[in-house]
file run_5.cif (mmCIF, C-alpha atoms)
data_structure
loop_
_atom_site.label_atom_id
_atom_site.label_comp_id
_atom_site.auth_asym_id
_atom_site.auth_seq_id
_atom_site.Cartn_x
_atom_site.Cartn_y
_atom_site.Cartn_z
CA MET A 13 -17.21 -2.32 3.14
CA HIS A 14 -14.53 -2.25 0.46
CA SER A 15 -14.87 -2.16 -3.29
CA ALA A 16 -12.73 -4.49 -5.39
CA LEU A 17 -11.33 -1.41 -7.09
CA ARG A 18 -9.85 1.78 -5.75
CA ARG A 19 -12.42 4.41 -4.93
CA VAL A 20 -12.08 7.46 -7.14
CA VAL A 21 -12.10 10.94 -5.68
CA ALA A 22 -13.86 13.96 -7.08
CA THR A 23 -14.26 16.56 -4.36
CA ALA A 24 -13.28 14.51 -1.32
CA ALA A 25 -10.57 11.90 -0.94
CA LEU A 26 -11.75 8.34 -0.56
CA ALA A 27 -9.95 5.03 -0.26
CA LEU A 28 -7.26 3.58 -2.43
CA GLY A 29 -9.37 0.48 -2.72
CA LEU A 30 -8.51 -3.15 -2.49
CA VAL A 31 -7.70 -5.26 -5.51
CA ALA A 32 -8.66 -8.88 -6.02
CA ALA A 33 -5.52 -10.96 -5.78
CA ALA A 34 -6.62 -13.92 -7.83
CA GLY A 35 -7.03 -12.19 -11.17
CA THR A 36 -10.79 -12.04 -10.75
CA ALA A 37 -10.75 -8.25 -11.06
CA PRO A 38 -8.40 -5.80 -12.74
CA ALA A 39 -5.28 -5.10 -10.71
CA GLN A 40 -3.17 -1.98 -10.86
CA ALA A 41 -0.02 -0.71 -9.21
CA ILE A 42 2.60 1.96 -9.52
CA THR A 43 1.96 3.78 -12.79
CA GLY A 44 5.47 3.55 -14.15
CA GLY A 45 8.59 3.50 -12.07
CA THR A 46 10.81 0.43 -12.25
CA PRO A 47 10.88 -3.12 -10.89
CA ASP A 48 12.27 -2.93 -7.37
CA GLY A 49 14.27 -6.15 -7.36
CA ASN A 50 16.15 -6.33 -4.06
CA GLY A 51 15.80 -2.61 -3.42
CA HIS A 52 13.27 -2.88 -0.58
CA PRO A 53 13.32 -6.48 0.71
CA ASN A 54 11.27 -5.50 3.80
CA VAL A 55 8.27 -4.55 1.64
CA GLY A 56 5.87 -7.43 1.03
CA MET A 57 2.56 -8.23 -0.62
CA ILE A 58 -0.25 -9.20 1.73
CA ALA A 59 -3.37 -11.17 0.84
CA PHE A 60 -6.57 -11.72 2.79
CA TYR A 61 -10.26 -12.48 2.50
CA GLU A 62 -13.24 -10.20 3.03
CA ASP A 63 -16.87 -11.08 2.34
CA GLY A 64 -15.71 -14.25 0.60
CA GLY A 65 -13.39 -12.45 -1.85
CA ARG A 66 -9.61 -12.55 -1.87
CA TYR A 67 -7.71 -9.25 -2.00
CA ARG A 68 -4.20 -7.91 -1.82
CA CYS A 69 -2.36 -4.85 -0.52
CA THR A 70 1.23 -3.89 0.24
CA ALA A 71 2.87 -3.81 3.68
CA THR A 72 6.24 -3.10 5.30
CA LEU A 73 8.03 -5.16 7.91
CA VAL A 74 8.71 -2.71 10.76
CA THR A 75 9.58 -5.20 13.51
CA PRO A 76 10.32 -8.92 13.12
CA THR A 77 6.64 -9.64 13.87
CA VAL A 78 4.75 -6.53 12.69
CA LEU A 79 3.76 -5.37 9.22
CA LEU A 80 2.69 -1.76 8.67
CA THR A 81 -0.09 -1.19 6.14
CA ALA A 82 -3.36 0.74 5.66
CA ALA A 83 -6.46 0.49 7.83
CA HIS A 84 -8.58 -0.14 4.76
CA CYS A 85 -6.43 -3.26 4.17
CA THR A 86 -7.06 -4.56 7.70
CA ALA A 87 -10.54 -3.42 8.80
CA GLY A 88 -13.23 -6.04 8.21
CA THR A 89 -10.96 -8.84 7.03
CA THR A 90 -11.84 -12.47 7.71
CA GLY A 91 -9.36 -15.03 9.02
CA LYS A 92 -5.61 -14.65 8.72
CA THR A 93 -3.64 -12.26 6.51
CA ILE A 94 -0.67 -13.74 4.67
CA VAL A 95 2.48 -12.11 3.29
CA THR A 96 5.26 -12.80 0.82
CA PHE A 97 8.43 -10.74 0.43
CA ASP A 98 9.26 -12.10 -3.03
CA SER A 99 9.92 -9.18 -5.37
CA VAL A 100 8.43 -11.17 -8.25
CA VAL A 101 5.27 -13.02 -7.24
CA ALA A 102 4.12 -14.01 -10.74
CA GLU A 103 5.17 -12.90 -14.21
CA GLN A 104 2.03 -14.43 -15.72
CA PRO A 105 -0.98 -16.49 -14.58
CA PRO A 106 -1.79 -18.55 -12.68
CA SER A 107 -1.41 -16.77 -9.35
CA PRO A 108 0.71 -18.70 -6.84
CA LEU A 109 -1.29 -17.36 -3.87
CA PRO A 110 -2.85 -20.11 -1.76
CA LYS A 111 -6.61 -20.32 -1.63
CA ALA A 112 -8.68 -20.62 1.52
CA ALA A 113 -10.53 -23.91 1.87
CA ASP A 114 -13.55 -21.88 2.98
CA PRO A 115 -13.50 -18.33 1.55
CA ALA A 116 -16.22 -17.28 3.99
CA LYS A 117 -13.83 -18.01 6.87
CA GLY A 118 -10.71 -16.66 5.19
CA TYR A 119 -7.21 -18.02 5.56
CA THR A 120 -6.46 -20.52 8.30
CA ASP A 121 -3.13 -21.99 9.40
CA ALA A 122 -3.96 -25.12 7.42
CA ASP A 123 -4.32 -23.10 4.20
CA VAL A 124 -0.72 -21.87 4.34
CA GLN A 125 0.91 -24.91 5.90
CA GLY A 126 3.70 -26.18 3.67
CA THR A 127 3.99 -22.89 1.77
CA THR A 128 6.51 -20.05 2.09
CA TYR A 129 3.78 -17.57 3.04
CA ARG A 130 3.72 -16.20 6.57
CA ALA A 131 0.41 -15.65 8.38
CA GLY A 132 -0.76 -13.15 10.96
CA THR A 133 -3.68 -11.22 12.41
CA ALA A 134 -4.76 -7.81 11.07
CA TYR A 135 -5.70 -4.77 13.16
CA ALA A 136 -6.90 -1.33 12.04
CA HIS A 137 -6.26 1.92 13.88
CA PRO A 138 -9.14 2.29 16.39
CA SER A 139 -9.79 5.86 15.21
CA TYR A 140 -9.82 5.02 11.50
CA SER A 141 -12.65 7.13 10.12
CA ASN A 142 -13.28 5.10 6.95
CA PHE A 143 -12.54 8.28 4.97
CA THR A 144 -15.34 10.30 6.54
CA ASP A 145 -13.29 12.74 8.63
CA LEU A 146 -10.27 14.54 7.19
CA ALA A 147 -9.10 15.49 10.68
CA THR A 148 -9.00 11.88 11.90
CA TRP A 149 -8.20 9.98 8.72
CA ASN A 150 -5.92 7.43 10.45
CA ASP A 151 -5.75 5.02 7.52
CA VAL A 152 -3.13 2.88 9.26
CA GLY A 153 -3.18 -0.79 10.12
CA VAL A 154 -0.85 -3.56 11.21
CA VAL A 155 -0.56 -7.29 10.74
CA VAL A 156 0.93 -9.11 13.73
CA LEU A 157 2.68 -12.20 12.41
CA ASP A 158 2.42 -15.55 14.14
CA GLN A 159 6.17 -16.10 13.85
CA PRO A 160 9.03 -13.57 13.58
CA VAL A 161 10.65 -12.95 10.21
CA THR A 162 14.37 -13.70 10.05
CA GLY A 163 16.88 -12.68 7.40
CA ILE A 164 15.10 -9.40 6.57
CA THR A 165 15.98 -6.15 8.31
CA PRO A 166 12.83 -4.26 9.34
CA ALA A 167 12.31 -0.72 8.06
CA LYS A 168 12.40 2.26 10.41
CA ILE A 169 9.49 4.66 10.70
CA ALA A 170 10.11 8.41 10.82
CA PRO A 171 9.91 10.23 14.16
CA VAL A 172 7.00 12.52 15.02
CA GLY A 173 6.95 15.65 12.89
CA TYR A 174 9.56 14.43 10.42
CA LEU A 175 7.66 15.64 7.34
CA GLU A 176 7.29 19.19 8.67
CA GLN A 177 10.75 20.06 7.34
CA PHE A 178 9.48 19.50 3.79
CA ARG A 179 6.62 22.01 3.84
CA GLN A 180 6.36 24.60 1.09
CA PRO A 181 8.26 26.12 -0.56
CA SER A 182 10.46 22.99 -0.63
CA LEU A 183 7.63 20.43 -0.86
CA ASN A 184 7.11 20.71 -4.62
CA SER A 185 10.80 20.06 -5.27
CA THR A 186 11.07 17.14 -2.85
CA LEU A 187 10.81 13.58 -4.19
CA PHE A 188 9.30 10.78 -2.13
CA THR A 189 9.90 7.10 -2.91
CA ILE A 190 6.77 4.95 -3.18
CA VAL A 191 6.99 1.15 -3.14
CA GLY A 192 4.20 -1.30 -3.88
CA TYR A 193 2.87 -4.46 -5.51
CA GLY A 194 0.32 -4.98 -8.24
CA THR A 195 0.44 -4.57 -11.98
CA GLU A 196 0.84 -1.85 -14.54
CA VAL A 197 -1.58 0.61 -16.06
CA ARG A 198 -0.57 0.58 -19.73
CA LYS A 199 -1.80 0.09 -23.25
CA PRO A 200 -2.93 -3.52 -23.78
CA ASP A 201 -1.14 -5.81 -26.19
CA SER A 202 -4.19 -5.86 -28.47
CA GLY A 203 -7.53 -4.15 -28.90
CA PRO A 204 -8.26 -0.52 -27.98
CA GLN A 205 -5.02 1.21 -27.05
CA LYS A 206 -6.33 3.11 -24.04
CA PRO A 207 -4.14 2.60 -20.94
CA THR A 208 -5.89 0.01 -18.80
CA PRO A 209 -5.01 -2.07 -15.74
CA GLN A 210 -3.18 -5.28 -16.53
CA SER A 211 -3.60 -8.36 -14.34
CA TYR A 212 0.04 -9.45 -14.58
CA PRO A 213 2.91 -9.35 -13.78
CA LEU A 214 2.63 -9.23 -9.98
CA ILE A 215 5.90 -7.60 -8.96
CA ARG A 216 7.23 -5.06 -6.51
CA ARG A 217 7.83 -1.66 -8.10
CA VAL A 218 9.33 1.63 -6.99
CA ALA A 219 8.70 5.19 -8.15
CA ASP A 220 9.55 8.73 -7.07
CA ALA A 221 6.86 11.40 -6.83
CA PRO A 222 7.14 15.10 -5.98
CA GLY A 223 5.27 16.53 -3.01
CA GLN A 224 2.10 18.55 -3.64
CA LYS A 225 0.40 19.20 -0.27
CA LEU A 226 1.02 18.42 3.38
CA THR A 227 -1.76 18.36 6.00
CA PRO A 228 -1.77 17.17 9.64
CA GLN A 229 -2.86 13.72 8.37
CA ILE A 230 -1.89 13.42 4.72
CA LEU A 231 1.05 13.87 2.36
CA GLN A 232 -0.25 14.38 -1.15
CA VAL A 233 2.11 13.78 -4.09
CA ASN A 234 1.83 14.27 -7.83
CA GLY A 235 1.78 10.93 -9.63
CA ASN A 236 0.97 12.41 -13.04
CA ILE A 237 2.83 10.56 -15.78
CA HIS A 238 3.58 13.87 -17.51
CA ASP A 239 5.29 15.38 -14.45
CA THR A 240 8.98 15.22 -15.31
CA ARG A 241 10.06 15.90 -11.73
CA GLY A 242 9.44 12.28 -10.72
CA THR A 243 8.95 8.78 -12.13
CA ARG A 244 5.18 8.56 -11.48
CA GLY A 245 3.15 7.43 -8.47
CA SER A 246 0.90 4.86 -6.83
CA CYS A 247 -2.21 3.07 -8.01
CA PHE A 248 -4.51 0.15 -7.16
CA GLY A 249 -2.69 -2.61 -5.35
CA ASP A 250 -0.21 -0.23 -3.71
CA SER A 251 -2.59 0.36 -0.80
CA GLY A 252 -0.77 0.23 2.52
CA GLY A 253 2.62 0.35 0.87
CA PRO A 254 5.35 2.59 2.23
CA THR A 255 6.68 5.93 1.13
CA PHE A 256 10.32 6.42 2.06
CA LYS A 257 12.28 9.63 2.58
CA ASN A 258 15.92 9.45 3.55
CA GLY A 259 15.55 5.76 4.30
CA VAL A 260 12.66 5.95 6.78
CA VAL A 261 8.95 5.25 6.26
CA VAL A 262 6.97 8.50 6.31
CA THR A 263 3.56 7.37 4.98
CA VAL A 264 1.42 4.47 3.80
CA THR A 265 -0.50 4.68 0.52
CA SER A 266 -4.14 5.61 1.14
CA TYR A 267 -6.17 7.05 -1.76
CA GLY A 268 -6.21 8.41 -5.28
CA TYR A 269 -8.21 10.84 -7.39
CA THR A 270 -8.69 9.10 -10.74
CA ASP A 271 -9.49 5.62 -12.00
CA ASN A 272 -6.44 5.61 -14.28
CA CYS A 273 -3.98 6.75 -11.61
CA ARG A 274 -2.73 9.75 -13.56
CA TYR A 275 -3.13 12.50 -10.98
CA LEU A 276 -2.64 12.97 -7.22
CA ASP A 277 -1.87 10.29 -4.65
CA GLY A 278 -2.90 10.58 -0.99
CA LEU A 279 -0.52 9.08 1.53
CA GLN A 280 -1.36 8.64 5.21
CA ARG A 281 1.31 10.13 7.46
CA VAL A 282 2.88 7.84 10.06
CA ASP A 283 5.01 10.62 11.60
CA ILE A 284 2.08 11.98 13.64
CA ALA A 285 1.44 11.46 17.34
CA GLY A 286 -1.95 9.75 17.01
CA VAL A 287 -0.51 7.11 14.71
CA GLN A 288 2.76 6.60 16.56
CA SER A 289 1.17 6.21 19.99
CA TRP A 290 -1.00 3.41 18.58
CA LEU A 291 1.90 1.76 16.74
CA ALA A 292 3.91 1.81 19.95
CA THR A 293 1.39 -0.59 21.50
CA TYR A 294 2.68 -3.15 18.98
CA GLY A 295 6.34 -2.32 19.68
CA VAL A 296 6.74 -0.12 16.59
CA ARG A 297 8.86 2.95 17.33
CA PRO A 298 11.14 5.27 15.31
#
call {"tool": "encode", "arguments": {"input": "run_5.cif", "output": "structure tokens"}}
result
Amino acid sequence: MHSALRRVVATAALALGLVAAAGTAPAQAITGGTPDGNGHPNVGMIAFYEDGGRYRCTATLVTPTVLLTAAHCTAGTTGKTIVTFDSVVAEQPPSPLPKAADPAKGYTDADVQGTTYRAGTAYAHPSYSNFTDLATWNDVGVVVLDQPVTGITPAKIAPVGYLEQFRQPSLNSTLFTIVGYGTEVRKPDSGPQKPTPQSYPLIRRVADAPGQKLTPQILQVNGNIHDTRGTRGSCFGDSGGPTFKNGVVVTVTSYGYTDNCRYLDGLQRVDIAGVQSWLATYGVRP
């Protein structure tokens, strides 16, 4: 169901696709910004299997046992989903992510036993439209962890309607903070000097992007590298990661419009009733 790379949008918004976590396919992340360090310790990198391939996304701890992410990072996965909250996962290869003994079955408890990775079960919003219906986008998912996380304070989600205060004319001058894992899009160290996705490092990054459009389902921001209002935007590997405003989570990263992540970013709102009523069934409330 998912491509190993983010789907690119021309006239309709499609998914911010999944990225292979083992270096078997190009990986991208926030196009600029800065390393996050300890800035958002409740934001983690998740990894999972689908159709025998290993992939990664970003997620946010919103209760001691629940991670908030995108539906396209949870729908159709096989086995367990694992998470790490390390801000630096790997500066260079090899990847430290554990491998499933049987990729067709995905992660099992035995695969992560003895590691620092936490495991859980993924669920997608039941009305997730797989990017076919703009009115019921619902690109939201959760991972319910087998054991509660201690020592990390969960993030708060925004209340219903929180983003409405930022509608135009203030939207274009409002910055939103995007956090996510993956690697850079930059000029390679050698060869053709066209900006391309780099496989490493795997670190958590943060960037600010100005608002561009707000719909009943989506916040769209401008991640263009030439937009001096912000510090760039999201890209492959940031799927499911949070956008913060005033310290609360207002969206999860959903889609993009170009294959070099130099234009608009689509972020699924979590401050809407249809999302919050579903999240409440997992104990996630503002």
call {"tool": "atom_distance", "arguments": {"input": "run_5.cif", "atom1": "atom CA of A:Lys225", "atom2": "atom CA of A:Thr255"}}
result
14.7 Å
call {"tool": "resolve_selection", "arguments": {"input": "run_5.cif", "expression": "the PyMOL selection byres ((chain A and resi 110-127) around 12)", "output": "PyMOL selection string"}}
result
chain A and resi 33-34+58-67+88-96+106-109+128-134+157-159
call {"tool": "write_last_selection", "arguments": {"input": "run_5.cif", "atoms": "C-alpha atoms", "output": "CSV table (one decimal), keeping the file's coordinate frame"}}
result
chain,number,residue,atom,x,y,z
A,33,ALA,CA,-5.5,-11.0,-5.8
A,34,ALA,CA,-6.6,-13.9,-7.8
A,58,ILE,CA,-0.2,-9.2,1.7
A,59,ALA,CA,-3.4,-11.2,0.8
A,60,PHE,CA,-6.6,-11.7,2.8
A,61,TYR,CA,-10.3,-12.5,2.5
A,62,GLU,CA,-13.2,-10.2,3.0
A,63,ASP,CA,-16.9,-11.1,2.3
A,64,GLY,CA,-15.7,-14.2,0.6
A,65,GLY,CA,-13.4,-12.4,-1.8
A,66,ARG,CA,-9.6,-12.6,-1.9
A,67,TYR,CA,-7.7,-9.2,-2.0
A,88,GLY,CA,-13.2,-6.0,8.2
A,89,THR,CA,-11.0,-8.8,7.0
A,90,THR,CA,-11.8,-12.5,7.7
A,91,GLY,CA,-9.4,-15.0,9.0
A,92,LYS,CA,-5.6,-14.6,8.7
A,93,THR,CA,-3.6,-12.3,6.5
A,94,ILE,CA,-0.7,-13.7,4.7
A,95,VAL,CA,2.5,-12.1,3.3
A,96,THR,CA,5.3,-12.8,0.8
A,106,PRO,CA,-1.8,-18.6,-12.7
A,107,SER,CA,-1.4,-16.8,-9.4
A,108,PRO,CA,0.7,-18.7,-6.8
A,109,LEU,CA,-1.3,-17.4,-3.9
A,128,THR,CA,6.5,-20.0,2.1
A,129,TYR,CA,3.8,-17.6,3.0
A,130,ARG,CA,3.7,-16.2,6.6
A,131,ALA,CA,0.4,-15.6,8.4
A,132,GLY,CA,-0.8,-13.2,11.0
A,133,THR,CA,-3.7,-11.2,12.4
A,134,ALA,CA,-4.8,-7.8,11.1
A,157,LEU,CA,2.7,-12.2,12.4
A,158,ASP,CA,2.4,-15.6,14.1
A,159,GLN,CA,6.2,-16.1,13.8
call {"tool": "residues_around", "arguments": {"input": "run_5.cif", "residues": "A:Thr189", "least_positions_apart": "2", "cutoff": "6 Å", "atoms": "all atoms listed in the file", "output": "list in words"}}
result
Ala219, Asp220, Thr255 and Phe256 of chain A
call {"tool": "resolve_selection", "arguments": {"input": "run_5.cif", "expression": "the PyMOL selection byres ((chain A and resi 152) around 12)", "output": "JSON, numbers by chain"}}
result
{"A": [27, 71, 72, 79, 80, 81, 82, 83, 84, 85, 86, 87, 134, 135, 136, 137, 138, 139, 140, 141, 142, 143, 148, 149, 150, 151, 153, 154, 155, 229, 230, 251, 252, 253, 254, 262, 263, 264, 265, 266, 279, 280, 281, 282, 283, 284, 286, 287, 288, 290, 291]}
call {"tool": "write_last_selection", "arguments": {"input": "run_5.cif", "atoms": "C-alpha atoms", "output": "mmCIF file, in the coordinates of the input"}}
result
data_model
loop_
_atom_site.group_PDB
_atom_site.id
_atom_site.type_symbol
_atom_site.label_atom_id
_atom_site.label_comp_id
_atom_site.auth_asym_id
_atom_site.auth_seq_id
_atom_site.Cartn_x
_atom_site.Cartn_y
_atom_site.Cartn_z
ATOM 1 C CA ALA A 27 -9.950 5.030 -0.260
ATOM 2 C CA ALA A 71 2.870 -3.810 3.680
ATOM 3 C CA THR A 72 6.240 -3.100 5.300
ATOM 4 C CA LEU A 79 3.760 -5.370 9.220
ATOM 5 C CA LEU A 80 2.690 -1.760 8.670
ATOM 6 C CA THR A 81 -0.090 -1.190 6.140
ATOM 7 C CA ALA A 82 -3.360 0.740 5.660
ATOM 8 C CA ALA A 83 -6.460 0.490 7.830
ATOM 9 C CA HIS A 84 -8.580 -0.140 4.760
ATOM 10 C CA CYS A 85 -6.430 -3.260 4.170
ATOM 11 C CA THR A 86 -7.060 -4.560 7.700
ATOM 12 C CA ALA A 87 -10.540 -3.420 8.800
ATOM 13 C CA ALA A 134 -4.760 -7.810 11.070
ATOM 14 C CA TYR A 135 -5.700 -4.770 13.160
ATOM 15 C CA ALA A 136 -6.900 -1.330 12.040
ATOM 16 C CA HIS A 137 -6.260 1.920 13.880
ATOM 17 C CA PRO A 138 -9.140 2.290 16.390
ATOM 18 C CA SER A 139 -9.790 5.860 15.210
ATOM 19 C CA TYR A 140 -9.820 5.020 11.500
ATOM 20 C CA SER A 141 -12.650 7.130 10.120
ATOM 21 C CA ASN A 142 -13.280 5.100 6.950
ATOM 22 C CA PHE A 143 -12.540 8.280 4.970
ATOM 23 C CA THR A 148 -9.000 11.880 11.900
ATOM 24 C CA TRP A 149 -8.200 9.980 8.720
ATOM 25 C CA ASN A 150 -5.920 7.430 10.450
ATOM 26 C CA ASP A 151 -5.750 5.020 7.520
ATOM 27 C CA GLY A 153 -3.180 -0.790 10.120
ATOM 28 C CA VAL A 154 -0.850 -3.560 11.210
ATOM 29 C CA VAL A 155 -0.560 -7.290 10.740
ATOM 30 C CA GLN A 229 -2.860 13.720 8.370
ATOM 31 C CA ILE A 230 -1.890 13.420 4.720
ATOM 32 C CA SER A 251 -2.590 0.360 -0.800
ATOM 33 C CA GLY A 252 -0.770 0.230 2.520
ATOM 34 C CA GLY A 253 2.620 0.350 0.870
ATOM 35 C CA PRO A 254 5.350 2.590 2.230
ATOM 36 C CA VAL A 262 6.970 8.500 6.310
ATOM 37 C CA THR A 263 3.560 7.370 4.980
ATOM 38 C CA VAL A 264 1.420 4.470 3.800
ATOM 39 C CA THR A 265 -0.500 4.680 0.520
ATOM 40 C CA SER A 266 -4.140 5.610 1.140
ATOM 41 C CA LEU A 279 -0.520 9.080 1.530
ATOM 42 C CA GLN A 280 -1.360 8.640 5.210
ATOM 43 C CA ARG A 281 1.310 10.130 7.460
ATOM 44 C CA VAL A 282 2.880 7.840 10.060
ATOM 45 C CA ASP A 283 5.010 10.620 11.600
ATOM 46 C CA ILE A 284 2.080 11.980 13.640
ATOM 47 C CA GLY A 286 -1.950 9.750 17.010
ATOM 48 C CA VAL A 287 -0.510 7.110 14.710
ATOM 49 C CA GLN A 288 2.760 6.600 16.560
ATOM 50 C CA TRP A 290 -1.000 3.410 18.580
ATOM 51 C CA LEU A 291 1.900 1.760 16.740
#
call {"tool": "closest_residue", "arguments": {"input": "run_5.cif", "among": "A:Val261, A:Ala292, A:Val100, A:Ala147", "to": "A:Leu175", "atoms": "all atoms listed in the file"}}
result
A:Val261
call {"tool": "atom_distance", "arguments": {"input": "run_5.cif", "atom1": "atom CA of A:Asn50", "atom2": "atom CA of A:Gly278"}}
result
25.7 Å
call {"tool": "resolve_selection", "arguments": {"input": "run_5.cif", "expression": "the PyMOL selection byres ((chain A and resi 103) around 10)", "output": "list in words"}}
result
Val100, Val101, Ala102, Gln104, Pro105, Pro106, Ser107, Thr195, Ser211, Tyr212, Pro213, Leu214 and Ile215 of chain A
call {"tool": "atom_distance", "arguments": {"input": "run_5.cif", "atom1": "atom CA of A:Arg68", "atom2": "atom CA of A:Asp277"}}
result
18.6 Å
